[in-house]
>>> print(open('my_file_20.cif').read())   # mmCIF, C-alpha atoms; chains and numbers go by the auth columns
data_target
#
loop_
_atom_site.group_PDB
_atom_site.id
_atom_site.type_symbol
_atom_site.label_atom_id
_atom_site.label_comp_id
_atom_site.label_asym_id
_atom_site.label_seq_id
_atom_site.Cartn_x
_atom_site.Cartn_y
_atom_site.Cartn_z
_atom_site.B_iso_or_equiv
_atom_site.auth_seq_id
_atom_site.auth_asym_id
ATOM 1 C CA MET A 1 114.814 -1.172 30.873 0.00 192 U
ATOM 2 C CA ASN A 2 115.565 1.593 28.366 0.00 193 U
ATOM 3 C CA TYR A 3 118.447 4.081 28.481 0.00 194 U
ATOM 4 C CA VAL A 4 116.292 6.859 29.933 0.00 195 U
ATOM 5 C CA ASP A 5 115.218 4.683 32.885 0.00 196 U
ATOM 6 C CA LEU A 6 118.821 3.586 33.344 0.00 197 U
ATOM 7 C CA LEU A 7 119.880 7.248 33.504 0.00 198 U
ATOM 8 C CA GLY A 8 117.216 7.854 36.159 0.00 199 U
ATOM 9 C CA TYR A 9 118.375 4.899 38.259 0.00 200 U
ATOM 10 C CA VAL A 10 122.071 5.855 38.026 0.00 201 U
ATOM 11 C CA ALA A 11 121.219 9.463 38.959 0.00 202 U
ATOM 12 C CA GLY A 12 119.080 8.313 41.871 0.00 203 U
ATOM 13 C CA ILE A 13 121.747 5.967 43.189 0.00 204 U
ATOM 14 C CA LEU A 14 124.407 8.715 43.045 0.00 205 U
ATOM 15 C CA VAL A 15 122.232 11.301 44.820 0.00 206 U
ATOM 16 C CA VAL A 16 121.113 8.828 47.492 0.00 207 U
ATOM 17 C CA SER A 17 124.581 7.329 48.028 0.00 208 U
ATOM 18 C CA SER A 18 125.842 10.802 48.916 0.00 209 U
ATOM 19 C CA LEU A 19 123.745 10.410 52.120 0.00 210 U
ATOM 20 C CA LEU A 20 125.634 7.259 53.127 0.00 211 U
ATOM 21 C CA PRO A 21 128.838 8.815 54.556 0.00 212 U
ATOM 22 C CA GLN A 22 126.789 10.907 57.031 0.00 213 U
ATOM 23 C CA THR A 23 124.628 7.934 58.053 0.00 214 U
ATOM 24 C CA ILE A 24 127.653 5.682 58.638 0.00 215 U
ATOM 25 C CA LYS A 25 129.536 8.422 60.509 0.00 216 U
ATOM 26 C CA SER A 26 126.563 9.180 62.783 0.00 217 U
ATOM 27 C CA TRP A 27 125.984 5.477 63.561 0.00 218 U
ATOM 28 C CA LYS A 28 129.656 4.965 64.396 0.00 219 U
ATOM 29 C CA THR A 29 130.350 8.086 66.432 0.00 220 U
ATOM 30 C CA LYS A 30 126.862 8.470 67.991 0.00 221 U
ATOM 31 C CA SER A 31 127.741 12.177 67.876 0.00 222 U
ATOM 32 C CA THR A 32 125.203 14.323 66.052 0.00 223 U
ATOM 33 C CA LYS A 33 125.486 17.711 67.739 0.00 224 U
ATOM 34 C CA ASP A 34 126.752 19.420 64.570 0.00 225 U
ATOM 35 C CA LEU A 35 123.726 18.245 62.586 0.00 226 U
ATOM 36 C CA SER A 36 120.722 20.514 62.179 0.00 227 U
ATOM 37 C CA LEU A 37 117.536 18.894 63.570 0.00 228 U
ATOM 38 C CA LEU A 38 115.333 21.217 61.485 0.00 229 U
ATOM 39 C CA ARG A 39 117.219 20.299 58.319 0.00 230 U
ATOM 40 C CA TYR A 40 116.530 16.594 58.788 0.00 231 U
ATOM 41 C CA ILE A 41 112.881 17.103 59.810 0.00 232 U
ATOM 42 C CA ILE A 42 112.253 19.176 56.638 0.00 233 U
ATOM 43 C CA TYR A 43 114.222 16.666 54.561 0.00 234 U
ATOM 44 C CA VAL A 44 112.318 13.589 55.847 0.00 235 U
ATOM 45 C CA ILE A 45 108.915 15.261 55.296 0.00 236 U
ATOM 46 C CA GLY A 46 110.074 16.278 51.792 0.00 237 U
ATOM 47 C CA ILE A 47 111.193 12.737 50.946 0.00 238 U
ATOM 48 C CA ILE A 48 107.860 11.271 52.165 0.00 239 U
ATOM 49 C CA LEU A 49 105.948 13.685 49.873 0.00 240 U
ATOM 50 C CA TRP A 50 108.420 13.091 47.013 0.00 241 U
ATOM 51 C CA LEU A 51 107.947 9.304 47.457 0.00 242 U
ATOM 52 C CA THR A 52 104.140 9.743 47.438 0.00 243 U
ATOM 53 C CA TYR A 53 104.489 11.775 44.223 0.00 244 U
ATOM 54 C CA GLY A 54 106.686 9.035 42.701 0.00 245 U
ATOM 55 C CA ILE A 55 104.034 6.405 43.583 0.00 246 U
ATOM 56 C CA ILE A 56 101.219 8.486 42.047 0.00 247 U
ATOM 57 C CA ILE A 57 103.062 9.167 38.758 0.00 248 U
ATOM 58 C CA LYS A 58 104.403 5.556 38.805 0.00 249 U
ATOM 59 C CA ASN A 59 108.052 6.558 38.283 0.00 250 U
ATOM 60 C CA GLY A 60 110.452 3.687 39.071 0.00 251 U
ATOM 61 C CA PRO A 61 113.685 5.637 39.645 0.00 252 U
ATOM 62 C CA MET A 62 111.905 8.099 41.988 0.00 253 U
ATOM 63 C CA LEU A 63 110.342 5.229 43.948 0.00 254 U
ATOM 64 C CA LEU A 64 113.652 3.411 44.427 0.00 255 U
ATOM 65 C CA MET A 65 115.644 6.547 45.178 0.00 256 U
ATOM 66 C CA ASN A 66 113.198 7.985 47.692 0.00 257 U
ATOM 67 C CA SER A 67 112.636 4.672 49.503 0.00 258 U
ATOM 68 C CA ILE A 68 116.374 4.353 50.169 0.00 259 U
ATOM 69 C CA ALA A 69 116.689 8.085 50.960 0.00 260 U
ATOM 70 C CA LEU A 70 113.835 7.751 53.469 0.00 261 U
ATOM 71 C CA ILE A 71 115.587 4.896 55.292 0.00 262 U
ATOM 72 C CA LEU A 72 118.934 6.759 55.420 0.00 263 U
ATOM 73 C CA ALA A 73 117.505 10.173 56.365 0.00 264 U
ATOM 74 C CA SER A 74 115.187 8.644 58.999 0.00 265 U
ATOM 75 C CA SER A 75 118.177 6.838 60.528 0.00 266 U
ATOM 76 C CA ILE A 76 120.058 10.125 60.803 0.00 267 U
ATOM 77 C CA LEU A 77 116.974 11.857 62.265 0.00 268 U
ATOM 78 C CA TYR A 78 116.504 9.013 64.784 0.00 269 U
ATOM 79 C CA LEU A 79 120.160 9.293 65.889 0.00 270 U
ATOM 80 C CA LYS A 80 119.867 13.073 66.146 0.00 271 U
ATOM 81 C CA ILE A 81 116.739 12.822 68.335 0.00 272 U
ATOM 82 C CA ARG A 82 118.281 10.051 70.451 0.00 273 U
ATOM 83 C CA HIS A 83 121.749 11.544 70.954 0.00 274 U
ATOM 84 C CA GLY A 84 120.824 15.249 70.640 0.00 275 U
ATOM 85 C CA MET B 1 98.401 22.885 37.806 0.00 299 P
ATOM 86 C CA ASN B 2 96.718 19.786 39.279 0.00 300 P
ATOM 87 C CA TYR B 3 97.070 18.460 42.826 0.00 301 P
ATOM 88 C CA VAL B 4 99.608 15.807 41.811 0.00 302 P
ATOM 89 C CA ASP B 5 101.931 18.420 40.272 0.00 303 P
ATOM 90 C CA LEU B 6 101.433 20.612 43.331 0.00 304 P
ATOM 91 C CA LEU B 7 102.480 17.704 45.560 0.00 305 P
ATOM 92 C CA GLY B 8 105.612 17.259 43.436 0.00 306 P
ATOM 93 C CA TYR B 9 106.518 20.947 43.671 0.00 307 P
ATOM 94 C CA VAL B 10 105.955 21.104 47.449 0.00 308 P
ATOM 95 C CA ALA B 11 108.035 17.919 47.928 0.00 309 P
ATOM 96 C CA GLY B 12 110.811 19.292 45.708 0.00 310 P
ATOM 97 C CA ILE B 13 110.895 22.626 47.520 0.00 311 P
ATOM 98 C CA LEU B 14 111.120 20.895 50.934 0.00 312 P
ATOM 99 C CA VAL B 15 113.922 18.538 49.869 0.00 313 P
ATOM 100 C CA VAL B 16 115.900 21.327 48.185 0.00 314 P
ATOM 101 C CA SER B 17 115.359 23.854 50.981 0.00 315 P
ATOM 102 C CA SER B 18 117.012 21.417 53.382 0.00 316 P
ATOM 103 C CA LEU B 19 120.269 22.203 51.513 0.00 317 P
ATOM 104 C CA LEU B 20 119.962 25.924 52.301 0.00 318 P
ATOM 105 C CA PRO B 21 121.217 25.954 55.938 0.00 319 P
ATOM 106 C CA GLN B 22 124.515 24.303 54.879 0.00 320 P
ATOM 107 C CA THR B 23 124.968 26.657 51.925 0.00 321 P
ATOM 108 C CA ILE B 24 124.342 29.755 54.057 0.00 322 P
ATOM 109 C CA LYS B 25 126.587 28.478 56.862 0.00 323 P
ATOM 110 C CA SER B 26 129.456 27.696 54.483 0.00 324 P
ATOM 111 C CA TRP B 27 129.175 31.105 52.745 0.00 325 P
ATOM 112 C CA LYS B 28 129.189 32.922 56.092 0.00 326 P
ATOM 113 C CA THR B 29 131.919 31.021 57.911 0.00 327 P
ATOM 114 C CA LYS B 30 134.084 30.161 54.869 0.00 328 P
ATOM 115 C CA SER B 31 134.943 27.059 56.928 0.00 329 P
ATOM 116 C CA THR B 32 134.288 23.786 55.145 0.00 330 P
ATOM 117 C CA LYS B 33 136.833 21.404 56.633 0.00 331 P
ATOM 118 C CA ASP B 34 134.132 19.178 58.190 0.00 332 P
ATOM 119 C CA LEU B 35 132.431 18.688 54.816 0.00 333 P
ATOM 120 C CA SER B 36 133.237 15.647 52.710 0.00 334 P
ATOM 121 C CA LEU B 37 134.603 16.609 49.267 0.00 335 P
ATOM 122 C CA LEU B 38 133.706 13.188 47.827 0.00 336 P
ATOM 123 C CA ARG B 39 130.127 13.502 49.081 0.00 337 P
ATOM 124 C CA TYR B 40 129.600 16.781 47.235 0.00 338 P
ATOM 125 C CA ILE B 41 131.326 15.603 44.044 0.00 339 P
ATOM 126 C CA ILE B 42 129.056 12.503 43.928 0.00 340 P
ATOM 127 C CA TYR B 43 126.042 14.639 44.800 0.00 341 P
ATOM 128 C CA VAL B 44 126.662 17.263 42.080 0.00 342 P
ATOM 129 C CA ILE B 45 127.214 14.568 39.402 0.00 343 P
ATOM 130 C CA GLY B 46 124.020 12.835 40.599 0.00 344 P
ATOM 131 C CA ILE B 47 121.998 16.059 40.401 0.00 345 P
ATOM 132 C CA ILE B 48 123.288 16.795 36.862 0.00 346 P
ATOM 133 C CA LEU B 49 122.160 13.295 35.722 0.00 347 P
ATOM 134 C CA TRP B 50 118.872 13.616 37.652 0.00 348 P
ATOM 135 C CA LEU B 51 118.254 17.004 35.966 0.00 349 P
ATOM 136 C CA THR B 52 119.032 15.486 32.541 0.00 350 P
ATOM 137 C CA TYR B 53 116.542 12.700 33.326 0.00 351 P
ATOM 138 C CA GLY B 54 113.914 15.295 34.367 0.00 352 P
ATOM 139 C CA ILE B 55 114.439 17.171 31.071 0.00 353 P
ATOM 140 C CA ILE B 56 114.083 13.946 29.006 0.00 354 P
ATOM 141 C CA ILE B 57 110.871 12.798 30.752 0.00 355 P
ATOM 142 C CA LYS B 58 109.611 16.438 30.806 0.00 356 P
ATOM 143 C CA ASN B 59 108.795 16.443 34.536 0.00 357 P
ATOM 144 C CA GLY B 60 108.272 19.991 35.905 0.00 358 P
ATOM 145 C CA PRO B 61 108.860 19.371 39.625 0.00 359 P
ATOM 146 C CA MET B 62 112.089 17.427 38.924 0.00 360 P
ATOM 147 C CA LEU B 63 113.350 20.183 36.629 0.00 361 P
ATOM 148 C CA LEU B 64 112.700 22.953 39.167 0.00 362 P
ATOM 149 C CA MET B 65 113.984 20.978 42.149 0.00 363 P
ATOM 150 C CA ASN B 66 117.196 19.805 40.498 0.00 364 P
ATOM 151 C CA SER B 67 118.015 23.206 38.971 0.00 365 P
ATOM 152 C CA ILE B 68 117.919 24.814 42.426 0.00 366 P
ATOM 153 C CA ALA B 69 119.706 21.839 44.021 0.00 367 P
ATOM 154 C CA LEU B 70 122.455 22.142 41.398 0.00 368 P
ATOM 155 C CA ILE B 71 123.027 25.826 42.221 0.00 369 P
ATOM 156 C CA LEU B 72 123.133 25.170 45.993 0.00 370 P
ATOM 157 C CA ALA B 73 125.268 22.016 45.852 0.00 371 P
ATOM 158 C CA SER B 74 127.688 23.581 43.344 0.00 372 P
ATOM 159 C CA SER B 75 128.082 26.587 45.654 0.00 373 P
ATOM 160 C CA ILE B 76 128.999 24.277 48.549 0.00 374 P
ATOM 161 C CA LEU B 77 131.402 22.319 46.316 0.00 375 P
ATOM 162 C CA TYR B 78 133.012 25.584 45.102 0.00 376 P
ATOM 163 C CA LEU B 79 133.507 26.763 48.696 0.00 377 P
ATOM 164 C CA LYS B 80 134.910 23.359 49.705 0.00 378 P
ATOM 165 C CA ILE B 81 137.441 23.409 46.808 0.00 379 P
ATOM 166 C CA ARG B 82 138.349 27.043 47.492 0.00 380 P
ATOM 167 C CA HIS B 83 138.664 26.891 51.283 0.00 381 P
ATOM 168 C CA GLY B 84 139.632 23.221 51.646 0.00 382 P
#
>>> encode(input="my_file_20.cif", output="structure tokens")
Amino acid sequence: MNYVDLLGYVAGILVVSSLLPQTIKSWKTKSTKDLSLLRYIIYVIGIILWLTYGIIIKNGPMLLMNSIALILASSILYLKIRHG
Amino acid sequence: MNYVDLLGYVAGILVVSSLLPQTIKSWKTKSTKDLSLLRYIIYVIGIILWLTYGIIIKNGPMLLMNSIALILASSILYLKIRHG
């Protein structure tokens, strides 16, 4: 791995890890009324397209980042739909 | 612009636009106590690195997306630091 790829991976991990506190909080509290449903629907669709784009241009950091982001954002969306 | 680039731009716009509701809400209410300071610090650092990566690999959608994300996330971080 070269330094440029490493930069991409570090950047991706930082951006994605910023989703973690919300995911953990929502799982623990099962309270999601302050979250915007529309925000997470738009976000999940965006990540799916962004992941597809990463697959097409064969970009490793984008693939890794968006796969993890998709899991975390989908979890939040699932909790929002389930708990309202 | 080819279809692959178009996909990247649409994906980027969707992901970034999901930040807008929070930015607008925080500007209007000037209340940011429920936001996590650490989350936004990590996020802004991540976007700066992600933008640097986009510049190095000369990827248009990443450049556009992360420039806008940086403005929005920095605004939220500024409001959080200012209003606590």
>>> resolve_selection(input="my_file_20.cif", expression="the PyMOL selection byres ((chain U and resi 248) around 12)", output="PyMOL selection string")
(chain U and resi 241-247+249-254) or (chain P and resi 301-303+305-306+355+357+359)
>>> write_last_selection(input="my_file_20.cif", atoms="C-alpha atoms", output="PDB file, in the frame of the given file")
ATOM      1  CA  TRP U 241     108.420  13.091  47.013  1.00  0.00           C
ATOM      2  CA  LEU U 242     107.947   9.304  47.457  1.00  0.00           C
ATOM      3  CA  THR U 243     104.140   9.743  47.438  1.00  0.00           C
ATOM      4  CA  TYR U 244     104.489  11.775  44.223  1.00  0.00           C
ATOM      5  CA  GLY U 245     106.686   9.035  42.701  1.00  0.00           C
ATOM      6  CA  ILE U 246     104.034   6.405  43.583  1.00  0.00           C
ATOM      7  CA  ILE U 247     101.219   8.486  42.047  1.00  0.00           C
ATOM      8  CA  LYS U 249     104.403   5.556  38.805  1.00  0.00           C
ATOM      9  CA  ASN U 250     108.052   6.558  38.283  1.00  0.00           C
ATOM     10  CA  GLY U 251     110.452   3.687  39.071  1.00  0.00           C
ATOM     11  CA  PRO U 252     113.685   5.637  39.645  1.00  0.00           C
ATOM     12  CA  MET U 253     111.905   8.099  41.988  1.00  0.00           C
ATOM     13  CA  LEU U 254     110.342   5.229  43.948  1.00  0.00           C
TER      14      LEU U 254
ATOM     15  CA  TYR P 301      97.070  18.460  42.826  1.00  0.00           C
ATOM     16  CA  VAL P 302      99.608  15.807  41.811  1.00  0.00           C
ATOM     17  CA  ASP P 303     101.931  18.420  40.272  1.00  0.00           C
ATOM     18  CA  LEU P 305     102.480  17.704  45.560  1.00  0.00           C
ATOM     19  CA  GLY P 306     105.612  17.259  43.436  1.00  0.00           C
ATOM     20  CA  ILE P 355     110.871  12.798  30.752  1.00  0.00           C
ATOM     21  CA  ASN P 357     108.795  16.443  34.536  1.00  0.00           C
ATOM     22  CA  PRO P 359     108.860  19.371  39.625  1.00  0.00           C
TER      23      PRO P 359
END
>>> closest_residue(input="my_file_20.cif", among="U:Ser258, U:Thr223, U:Leu228, U:Tyr200", to="U:Leu240", atoms="all atoms listed in the file")
U:Ser258
>>> atom_distance(input="my_file_20.cif", atom1="atom CA of U:Thr214", atom2="atom CA of U:Ser266")
7.0 Å
>>> resolve_selection(input="my_file_20.cif", expression="the PyMOL selection byres ((chain U) within 8 of (chain P))", output="list in words")
Val195, Leu198, Gly199, Val201, Ala202, Gly203, Ile204, Leu205, Val206, Ser208, Ser209, Leu210, Pro212, Arg230, Tyr231, Ile233, Tyr234, Val235, Ile236, Gly237, Ile238, Ile239, Leu240, Trp241, Tyr244 and Ile247 of chain U
>>> atom_distance(input="my_file_20.cif", atom1="atom CA of U:Met256", atom2="atom CA of U:Ile272")
24.0 Å
>>> atom_distance(input="my_file_20.cif", atom1="atom CA of P:Lys331", atom2="atom CA of P:Leu375")
11.7 Å
>>> axis_aligned_box(input="my_file_20.cif", around="stretch 223-231 of chain U", padding_each_side="4 Å", output="JSON")
{"center_x": 121.0, "center_y": 17.8, "center_z": 63.0, "size_x": 19.4, "size_y": 14.9, "size_z": 17.4}
>>> build_atoms(input="my_file_20.cif", residues="stretch 363-379 of chain P", atoms="N, CA and C atoms", output="CSV table (one decimal), keeping the file's coordinate frame")
chain,number,residue,atom,x,y,z
P,363,MET,N,113.3,21.4,41.0
P,363,MET,CA,114.0,21.0,42.1
P,363,MET,C,115.5,20.8,41.9
P,364,ASN,N,115.8,20.1,40.8
P,364,ASN,CA,117.2,19.8,40.5
P,364,ASN,C,118.0,21.0,40.0
P,365,SER,N,117.3,22.0,39.4
P,365,SER,CA,118.0,23.2,39.0
P,365,SER,C,118.5,24.0,40.2
P,366,ILE,N,117.6,24.1,41.2
P,366,ILE,CA,117.9,24.8,42.4
P,366,ILE,C,119.0,24.0,43.2
P,367,ALA,N,118.8,22.7,43.3
P,367,ALA,CA,119.7,21.8,44.0
P,367,ALA,C,121.1,21.9,43.4
P,368,LEU,N,121.2,22.0,42.1
P,368,LEU,CA,122.5,22.1,41.4
P,368,LEU,C,123.2,23.4,41.8
P,369,ILE,N,122.4,24.5,41.8
P,369,ILE,CA,123.0,25.8,42.2
P,369,ILE,C,123.6,25.8,43.7
P,370,LEU,N,122.7,25.2,44.6
P,370,LEU,CA,123.1,25.2,46.0
P,370,LEU,C,124.3,24.2,46.2
P,371,ALA,N,124.2,23.0,45.6
P,371,ALA,CA,125.3,22.0,45.9
P,371,ALA,C,126.6,22.4,45.2
P,372,SER,N,126.5,23.1,44.0
P,372,SER,CA,127.7,23.6,43.3
P,372,SER,C,128.4,24.7,44.2
P,373,SER,N,127.5,25.5,44.8
P,373,SER,CA,128.1,26.6,45.7
P,373,SER,C,128.9,26.0,46.8
P,374,ILE,N,128.3,24.9,47.4
P,374,ILE,CA,129.0,24.3,48.5
P,374,ILE,C,130.3,23.6,48.0
P,375,LEU,N,130.2,23.0,46.9
P,375,LEU,CA,131.4,22.3,46.3
P,375,LEU,C,132.5,23.4,46.0
P,376,TYR,N,132.1,24.5,45.4
P,376,TYR,CA,133.0,25.6,45.1
P,376,TYR,C,133.7,26.1,46.4
P,377,LEU,N,132.9,26.3,47.4
P,377,LEU,CA,133.5,26.8,48.7
P,377,LEU,C,134.5,25.7,49.3
P,378,LYS,N,134.1,24.4,49.2
P,378,LYS,CA,134.9,23.4,49.7
P,378,LYS,C,136.3,23.3,49.0
P,379,ILE,N,136.2,23.4,47.6
P,379,ILE,CA,137.4,23.4,46.8
P,379,ILE,C,138.3,24.6,47.1
